[in-house]
$ cat protein-v3.cif   # mmCIF, C-alpha atoms; chains and numbers go by the auth columns
data_structure
#
loop_
_atom_site.group_PDB
_atom_site.id
_atom_site.type_symbol
_atom_site.label_atom_id
_atom_site.label_comp_id
_atom_site.label_asym_id
_atom_site.label_seq_id
_atom_site.Cartn_x
_atom_site.Cartn_y
_atom_site.Cartn_z
_atom_site.B_iso_or_equiv
_atom_site.auth_seq_id
_atom_site.auth_asym_id
ATOM 1 C CA MET A 1 -34.795 -46.371 -54.702 0.00 1 A
ATOM 2 C CA ARG A 2 -34.010 -42.688 -55.110 0.00 2 A
ATOM 3 C CA SER A 3 -37.536 -42.042 -56.380 0.00 3 A
ATOM 4 C CA THR A 4 -38.957 -43.723 -53.268 0.00 4 A
ATOM 5 C CA TRP A 5 -36.777 -41.474 -51.111 0.00 5 A
ATOM 6 C CA LEU A 6 -37.917 -38.380 -53.017 0.00 6 A
ATOM 7 C CA ARG A 7 -41.498 -39.507 -52.593 0.00 7 A
ATOM 8 C CA ALA A 8 -40.989 -40.020 -48.879 0.00 8 A
ATOM 9 C CA MET A 9 -39.671 -36.472 -48.559 0.00 9 A
ATOM 10 C CA SER A 10 -42.761 -35.108 -50.318 0.00 10 A
ATOM 11 C CA GLU A 11 -45.451 -33.567 -48.122 0.00 11 A
ATOM 12 C CA ARG A 12 -48.306 -35.438 -49.803 0.00 12 A
ATOM 13 C CA HIS A 13 -49.651 -38.783 -48.535 0.00 13 A
ATOM 14 C CA GLY A 14 -48.214 -38.924 -45.022 0.00 14 A
ATOM 15 C CA TYR A 15 -49.091 -42.599 -44.515 0.00 15 A
ATOM 16 C CA ALA A 16 -46.730 -43.654 -47.307 0.00 16 A
ATOM 17 C CA LYS A 17 -44.063 -41.389 -45.837 0.00 17 A
ATOM 18 C CA ALA A 18 -44.565 -42.950 -42.409 0.00 18 A
ATOM 19 C CA LEU A 19 -44.285 -46.472 -43.822 0.00 19 A
ATOM 20 C CA ALA A 20 -41.136 -45.577 -45.788 0.00 20 A
ATOM 21 C CA PHE A 21 -39.602 -44.126 -42.608 0.00 21 A
ATOM 22 C CA ILE A 22 -40.511 -47.231 -40.581 0.00 22 A
ATOM 23 C CA VAL A 23 -39.013 -49.547 -43.218 0.00 23 A
ATOM 24 C CA ALA A 24 -35.796 -47.498 -43.378 0.00 24 A
ATOM 25 C CA ALA A 25 -35.563 -47.394 -39.580 0.00 25 A
ATOM 26 C CA TYR A 26 -36.097 -51.160 -39.350 0.00 26 A
ATOM 27 C CA ALA A 27 -33.489 -51.834 -42.043 0.00 27 A
ATOM 28 C CA LEU A 28 -30.875 -49.668 -40.293 0.00 28 A
ATOM 29 C CA SER A 29 -31.781 -50.585 -36.716 0.00 29 A
ATOM 30 C CA PRO A 30 -29.692 -53.143 -34.829 0.00 30 A
ATOM 31 C CA ILE A 31 -32.917 -54.308 -33.150 0.00 31 A
ATOM 32 C CA ASP A 32 -34.819 -56.971 -35.116 0.00 32 A
ATOM 33 C CA LEU A 33 -38.057 -58.850 -34.568 0.00 33 A
ATOM 34 C CA ILE A 34 -36.017 -62.046 -34.702 0.00 34 A
ATOM 35 C CA PRO A 35 -32.367 -61.600 -33.577 0.00 35 A
ATOM 36 C CA ASP A 36 -29.744 -62.219 -36.261 0.00 36 A
ATOM 37 C CA PHE A 37 -27.810 -64.698 -34.127 0.00 37 A
ATOM 38 C CA ILE A 38 -30.595 -67.262 -34.613 0.00 38 A
ATOM 39 C CA PRO A 39 -29.477 -69.308 -37.625 0.00 39 A
ATOM 40 C CA VAL A 40 -31.329 -68.744 -40.917 0.00 40 A
ATOM 41 C CA ILE A 41 -34.515 -67.292 -39.374 0.00 41 A
ATOM 42 C CA GLY A 42 -32.628 -64.278 -37.980 0.00 42 A
ATOM 43 C CA TYR A 43 -31.664 -63.081 -41.452 0.00 43 A
ATOM 44 C CA LEU A 44 -34.831 -64.333 -43.083 0.00 44 A
ATOM 45 C CA ASP A 45 -36.982 -61.678 -41.384 0.00 45 A
ATOM 46 C CA ASP A 46 -34.747 -58.936 -42.833 0.00 46 A
ATOM 47 C CA LEU A 47 -34.818 -60.611 -46.228 0.00 47 A
ATOM 48 C CA ILE A 48 -38.633 -60.674 -46.248 0.00 48 A
ATOM 49 C CA LEU A 49 -39.769 -57.636 -44.231 0.00 49 A
ATOM 50 C CA VAL A 50 -37.581 -54.929 -45.796 0.00 50 A
ATOM 51 C CA PRO A 51 -38.442 -55.682 -49.461 0.00 51 A
ATOM 52 C CA LEU A 52 -42.093 -56.167 -48.501 0.00 52 A
ATOM 53 C CA GLY A 53 -42.133 -52.796 -46.721 0.00 53 A
ATOM 54 C CA ILE A 54 -40.530 -51.065 -49.724 0.00 54 A
ATOM 55 C CA PHE A 55 -43.038 -52.708 -52.039 0.00 55 A
ATOM 56 C CA LEU A 56 -45.975 -51.585 -49.863 0.00 56 A
ATOM 57 C CA ALA A 57 -44.624 -48.032 -49.580 0.00 57 A
ATOM 58 C CA ILE A 58 -44.303 -47.822 -53.365 0.00 58 A
ATOM 59 C CA ARG A 59 -47.801 -49.226 -53.856 0.00 59 A
ATOM 60 C CA MET A 60 -49.235 -46.589 -51.501 0.00 60 A
ATOM 61 C CA ILE A 61 -47.863 -43.800 -53.700 0.00 61 A
ATOM 62 C CA PRO A 62 -50.206 -42.726 -56.515 0.00 62 A
ATOM 63 C CA PRO A 63 -48.761 -43.474 -59.995 0.00 63 A
ATOM 64 C CA HIS A 64 -48.618 -39.839 -61.130 0.00 64 A
ATOM 65 C CA ILE A 65 -46.626 -38.817 -58.040 0.00 65 A
ATOM 66 C CA MET A 66 -44.306 -41.797 -58.472 0.00 66 A
ATOM 67 C CA ALA A 67 -43.715 -40.838 -62.115 0.00 67 A
ATOM 68 C CA GLU A 68 -42.877 -37.285 -61.032 0.00 68 A
ATOM 69 C CA CYS A 69 -40.455 -38.557 -58.411 0.00 69 A
ATOM 70 C CA ARG A 70 -38.817 -40.964 -60.870 0.00 70 A
ATOM 71 C CA GLN A 71 -38.271 -38.071 -63.250 0.00 71 A
ATOM 72 C CA LYS A 72 -36.663 -36.005 -60.457 0.00 72 A
ATOM 73 C CA ALA A 73 -34.487 -38.999 -59.514 0.00 73 A
ATOM 74 C CA THR A 74 -33.289 -39.347 -63.116 0.00 74 A
ATOM 75 C CA ILE A 75 -32.354 -35.666 -63.214 0.00 75 A
ATOM 76 C CA ALA A 76 -30.646 -35.858 -59.817 0.00 76 A
ATOM 77 C CA GLY A 77 -28.736 -38.991 -60.890 0.00 77 A
ATOM 78 C CA ALA A 78 -27.328 -37.162 -63.901 0.00 78 A
ATOM 79 C CA ARG A 79 -25.569 -34.549 -61.758 0.00 79 A
ATOM 80 C CA PRO A 80 -21.777 -34.443 -61.996 0.00 80 A
ATOM 81 C CA THR A 81 -19.765 -35.897 -59.158 0.00 81 A
ATOM 82 C CA SER A 82 -17.287 -33.860 -57.169 0.00 82 A
ATOM 83 C CA ARG A 83 -13.737 -35.086 -57.608 0.00 83 A
ATOM 84 C CA GLY A 84 -12.547 -32.466 -55.138 0.00 84 A
ATOM 85 C CA ALA A 85 -14.775 -33.858 -52.400 0.00 85 A
ATOM 86 C CA ALA A 86 -13.602 -37.386 -53.180 0.00 86 A
ATOM 87 C CA PHE A 87 -9.984 -36.209 -52.934 0.00 87 A
ATOM 88 C CA ILE A 88 -10.654 -34.587 -49.543 0.00 88 A
ATOM 89 C CA VAL A 89 -12.276 -37.769 -48.216 0.00 89 A
ATOM 90 C CA VAL A 90 -9.335 -39.902 -49.379 0.00 90 A
ATOM 91 C CA VAL A 91 -6.837 -37.482 -47.816 0.00 91 A
ATOM 92 C CA LEU A 92 -8.777 -37.546 -44.529 0.00 92 A
ATOM 93 C CA TRP A 93 -8.697 -41.351 -44.492 0.00 93 A
ATOM 94 C CA ILE A 94 -4.954 -41.377 -45.170 0.00 94 A
ATOM 95 C CA VAL A 95 -4.312 -38.809 -42.418 0.00 95 A
ATOM 96 C CA THR A 96 -6.483 -40.798 -39.992 0.00 96 A
ATOM 97 C CA ALA A 97 -4.615 -44.009 -40.807 0.00 97 A
ATOM 98 C CA ALA A 98 -1.252 -42.249 -40.364 0.00 98 A
ATOM 99 C CA ILE A 99 -2.295 -40.851 -36.972 0.00 99 A
ATOM 100 C CA ALA A 100 -3.531 -44.285 -35.858 0.00 100 A
ATOM 101 C CA LEU A 101 -0.255 -45.893 -36.980 0.00 101 A
ATOM 102 C CA TRP A 102 1.788 -43.223 -35.198 0.00 102 A
ATOM 103 C CA PHE A 103 -0.254 -43.756 -32.019 0.00 103 A
ATOM 104 C CA ILE A 104 0.207 -47.533 -32.131 0.00 104 A
ATOM 105 C CA LEU A 105 3.957 -47.235 -32.737 0.00 105 A
ATOM 106 C CA SER A 106 4.363 -44.705 -29.910 0.00 106 A
ATOM 107 C CA LEU A 107 2.498 -47.025 -27.533 0.00 107 A
ATOM 108 C CA GLN A 108 4.772 -49.854 -28.621 0.00 108 A
ATOM 109 C CA ARG A 109 7.872 -47.737 -27.932 0.00 109 A
ATOM 110 C CA ILE A 110 6.542 -46.758 -24.507 0.00 110 A
ATOM 111 C CA TYR A 111 5.895 -50.413 -23.691 0.00 111 A
ATOM 112 C CA GLU A 112 9.364 -51.477 -24.878 0.00 112 A
ATOM 113 C CA ASN A 113 11.036 -48.672 -22.895 0.00 113 A
ATOM 114 C CA ALA A 114 9.121 -49.687 -19.784 0.00 114 A
ATOM 115 C CA GLU A 115 10.437 -53.243 -20.122 0.00 115 A
ATOM 116 C CA LEU A 116 14.049 -52.039 -20.582 0.00 116 A
ATOM 117 C CA SER A 117 14.065 -49.536 -17.742 0.00 117 A
ATOM 118 C CA PRO A 118 16.240 -50.373 -14.680 0.00 118 A
ATOM 119 C CA ARG A 119 13.209 -50.230 -12.405 0.00 119 A
ATOM 120 C CA ALA A 120 11.355 -52.829 -14.485 0.00 120 A
ATOM 121 C CA ASN A 121 14.447 -55.076 -14.531 0.00 121 A
ATOM 122 C CA SER A 122 14.902 -54.808 -10.775 0.00 122 A
ATOM 123 C CA GLN A 123 11.272 -55.730 -10.212 0.00 123 A
ATOM 124 C CA LYS A 124 11.705 -58.751 -12.501 0.00 124 A
ATOM 125 C CA ASN A 125 14.805 -59.822 -10.558 0.00 125 A
ATOM 126 C CA CYS A 126 12.963 -59.526 -7.244 0.00 126 A
ATOM 127 C CA VAL A 127 10.158 -61.645 -8.488 0.00 127 A
ATOM 128 C CA SER A 128 12.426 -64.266 -10.037 0.00 128 A
ATOM 129 C CA SER A 129 14.682 -64.483 -6.939 0.00 129 A
ATOM 130 C CA SER A 130 11.783 -64.991 -4.588 0.00 130 A
ATOM 131 C CA VAL A 131 10.469 -67.943 -6.555 0.00 131 A
#
$ encode --input "protein-v3.cif" --output "structure tokens"
Amino acid sequence: MRSTWLRAMSERHGYAKALAFIVAAYALSPIDLIPDFIPVIGYLDDLILVPLGIFLAIRMIPPHIMAECRQKATIAGARPTSRGAAFIVVVLWIVTAAIALWFILSLQRIYENAELSPRANSQKNCVSSSV
């Protein structure tokens, strides 16, 4: 897949690049030829059209260019990963979850305080006495 992406980013053979872009856009787009809420057929178009588009895009690429791109993909796949970046992403997720939890708990406290306030109780008594 990485070699197909590298090929699509190449300047040669624009028609293959255009097809690869269209297939990627269709795969990521929420708009389908047949909507997904239609049972079986809705997912069947994605299951057939996306692999068929990838296959056609690969077939449009000359073999020597595809071999070059596969070699670049192998080299790019052998790069070391960044543990520091992974740590930062995990910390950001934890901070985001903590902020969301704090926000939910503060809203809950505000709601509970509004129910316990004298004004809220007097309004409840007025409503219950008039019934």
$ residues_around --input "protein-v3.cif" --residues "Asp36 in chain A" --least-positions-apart "5" --cutoff "9 Å" --atoms "only C-alpha atoms" --output "number ranges by chain"
A: 41-46
$ atom_distance --input "protein-v3.cif" --atom1 "CA of Ala16 in chain A" --atom2 "CA of Leu52 in chain A"
13.4 Å
$ atom_distance --input "protein-v3.cif" --atom1 "CA of Pro63 in chain A" --atom2 "CA of Leu47 in chain A"
26.0 Å
$ residues_around --input "protein-v3.cif" --residues "range 54-60 of chain A" --least-positions-apart "3" --cutoff "8 Å" --atoms "all atoms listed in the file" --output "short mmCIF file (atom, residue, chain, number, x, y, z; two decimals) with C-alpha atoms, in the frame of the given file"
data_model
loop_
_atom_site.label_atom_id
_atom_site.label_comp_id
_atom_site.auth_asym_id
_atom_site.auth_seq_id
_atom_site.Cartn_x
_atom_site.Cartn_y
_atom_site.Cartn_z
CA THR A 4 -38.96 -43.72 -53.27
CA ALA A 16 -46.73 -43.65 -47.31
CA LYS A 17 -44.06 -41.39 -45.84
CA LEU A 19 -44.28 -46.47 -43.82
CA ALA A 20 -41.14 -45.58 -45.79
CA VAL A 23 -39.01 -49.55 -43.22
CA VAL A 50 -37.58 -54.93 -45.80
CA PRO A 51 -38.44 -55.68 -49.46
CA MET A 66 -44.31 -41.80 -58.47
#
$ closest_residue --input "protein-v3.cif" --among "A:Val95, A:Ile61, A:Ala85, A:Ala114" --to "Tyr15 in chain A" --atoms "only C-alpha atoms"
A:Ile61
$ decode --input "protein-v3.cif" --residues "range 62-80 of chain A" --atoms "N, CA, C and O atoms" --output "PDB file, in the first residue's frame"
ATOM      1  N   PRO A  62       3.662   1.513 -14.581  1.00  0.00           N
ATOM      2  CA  PRO A  62       4.635   0.633 -15.238  1.00  0.00           C
ATOM      3  C   PRO A  62       5.440  -0.161 -14.207  1.00  0.00           C
ATOM      4  O   PRO A  62       5.729   0.339 -13.113  1.00  0.00           O
ATOM      5  N   PRO A  63       5.805  -1.407 -14.543  1.00  0.00           N
ATOM      6  CA  PRO A  63       6.493  -2.286 -13.568  1.00  0.00           C
ATOM      7  C   PRO A  63       7.791  -1.706 -13.016  1.00  0.00           C
ATOM      8  O   PRO A  63       8.068  -1.865 -11.826  1.00  0.00           O
ATOM      9  N   HIS A  64       8.578  -1.025 -13.837  1.00  0.00           N
ATOM     10  CA  HIS A  64       9.853  -0.504 -13.332  1.00  0.00           C
ATOM     11  C   HIS A  64       9.641   0.625 -12.325  1.00  0.00           C
ATOM     12  O   HIS A  64      10.380   0.749 -11.358  1.00  0.00           O
ATOM     13  N   ILE A  65       8.597   1.418 -12.513  1.00  0.00           N
ATOM     14  CA  ILE A  65       8.291   2.483 -11.545  1.00  0.00           C
ATOM     15  C   ILE A  65       7.742   1.873 -10.261  1.00  0.00           C
ATOM     16  O   ILE A  65       8.082   2.296  -9.159  1.00  0.00           O
ATOM     17  N   MET A  66       6.922   0.830 -10.401  1.00  0.00           N
ATOM     18  CA  MET A  66       6.374   0.169  -9.216  1.00  0.00           C
ATOM     19  C   MET A  66       7.490  -0.485  -8.403  1.00  0.00           C
ATOM     20  O   MET A  66       7.478  -0.420  -7.174  1.00  0.00           O
ATOM     21  N   ALA A  67       8.466  -1.082  -9.088  1.00  0.00           N
ATOM     22  CA  ALA A  67       9.595  -1.693  -8.379  1.00  0.00           C
ATOM     23  C   ALA A  67      10.392  -0.636  -7.626  1.00  0.00           C
ATOM     24  O   ALA A  67      10.816  -0.848  -6.481  1.00  0.00           O
ATOM     25  N   GLU A  68      10.583   0.512  -8.251  1.00  0.00           N
ATOM     26  CA  GLU A  68      11.296   1.622  -7.598  1.00  0.00           C
ATOM     27  C   GLU A  68      10.536   2.099  -6.361  1.00  0.00           C
ATOM     28  O   GLU A  68      11.125   2.323  -5.303  1.00  0.00           O
ATOM     29  N   CYS A  69       9.233   2.219  -6.492  1.00  0.00           N
ATOM     30  CA  CYS A  69       8.423   2.674  -5.362  1.00  0.00           C
ATOM     31  C   CYS A  69       8.375   1.630  -4.247  1.00  0.00           C
ATOM     32  O   CYS A  69       8.367   1.981  -3.071  1.00  0.00           O
ATOM     33  N   ARG A  70       8.349   0.359  -4.597  1.00  0.00           N
ATOM     34  CA  ARG A  70       8.378  -0.692  -3.576  1.00  0.00           C
ATOM     35  C   ARG A  70       9.693  -0.666  -2.810  1.00  0.00           C
ATOM     36  O   ARG A  70       9.718  -0.881  -1.601  1.00  0.00           O
ATOM     37  N   GLN A  71      10.775  -0.387  -3.515  1.00  0.00           N
ATOM     38  CA  GLN A  71      12.074  -0.295  -2.858  1.00  0.00           C
ATOM     39  C   GLN A  71      12.094   0.893  -1.890  1.00  0.00           C
ATOM     40  O   GLN A  71      12.562   0.779  -0.754  1.00  0.00           O
ATOM     41  N   LYS A  72      11.555   2.040  -2.318  1.00  0.00           N
ATOM     42  CA  LYS A  72      11.478   3.205  -1.429  1.00  0.00           C
ATOM     43  C   LYS A  72      10.587   2.915  -0.219  1.00  0.00           C
ATOM     44  O   LYS A  72      10.873   3.356   0.892  1.00  0.00           O
ATOM     45  N   ALA A  73       9.490   2.182  -0.438  1.00  0.00           N
ATOM     46  CA  ALA A  73       8.588   1.844   0.664  1.00  0.00           C
ATOM     47  C   ALA A  73       9.269   0.939   1.673  1.00  0.00           C
ATOM     48  O   ALA A  73       9.067   1.072   2.884  1.00  0.00           O
ATOM     49  N   THR A  74      10.093   0.003   1.197  1.00  0.00           N
ATOM     50  CA  THR A  74      10.826  -0.888   2.098  1.00  0.00           C
ATOM     51  C   THR A  74      11.804  -0.091   2.947  1.00  0.00           C
ATOM     52  O   THR A  74      11.908  -0.303   4.156  1.00  0.00           O
ATOM     53  N   ILE A  75      12.504   0.846   2.319  1.00  0.00           N
ATOM     54  CA  ILE A  75      13.447   1.691   3.055  1.00  0.00           C
ATOM     55  C   ILE A  75      12.710   2.572   4.061  1.00  0.00           C
ATOM     56  O   ILE A  75      13.129   2.712   5.206  1.00  0.00           O
ATOM     57  N   ALA A  76      11.597   3.152   3.638  1.00  0.00           N
ATOM     58  CA  ALA A  76      10.825   4.022   4.532  1.00  0.00           C
ATOM     59  C   ALA A  76      10.219   3.229   5.684  1.00  0.00           C
ATOM     60  O   ALA A  76      10.085   3.742   6.795  1.00  0.00           O
ATOM     61  N   GLY A  77       9.851   1.968   5.441  1.00  0.00           N
ATOM     62  CA  GLY A  77       9.275   1.131   6.494  1.00  0.00           C
ATOM     63  C   GLY A  77      10.292   0.713   7.530  1.00  0.00           C
ATOM     64  O   GLY A  77       9.938   0.349   8.642  1.00  0.00           O
ATOM     65  N   ALA A  78      11.569   0.775   7.189  1.00  0.00           N
ATOM     66  CA  ALA A  78      12.621   0.366   8.108  1.00  0.00           C
ATOM     67  C   ALA A  78      13.074   1.497   9.022  1.00  0.00           C
ATOM     68  O   ALA A  78      13.956   1.313   9.841  1.00  0.00           O
ATOM     69  N   ARG A  79      12.491   2.673   8.879  1.00  0.00           N
ATOM     70  CA  ARG A  79      12.863   3.803   9.734  1.00  0.00           C
ATOM     71  C   ARG A  79      12.483   3.532  11.184  1.00  0.00           C
ATOM     72  O   ARG A  79      11.481   2.883  11.465  1.00  0.00           O
ATOM     73  N   PRO A  80      13.266   4.060  12.115  1.00  0.00           N
ATOM     74  CA  PRO A  80      12.913   3.876  13.533  1.00  0.00           C
ATOM     75  C   PRO A  80      11.677   4.696  13.901  1.00  0.00           C
ATOM     76  O   PRO A  80      11.396   5.726  13.295  1.00  0.00           O
TER      77      PRO A  80
END
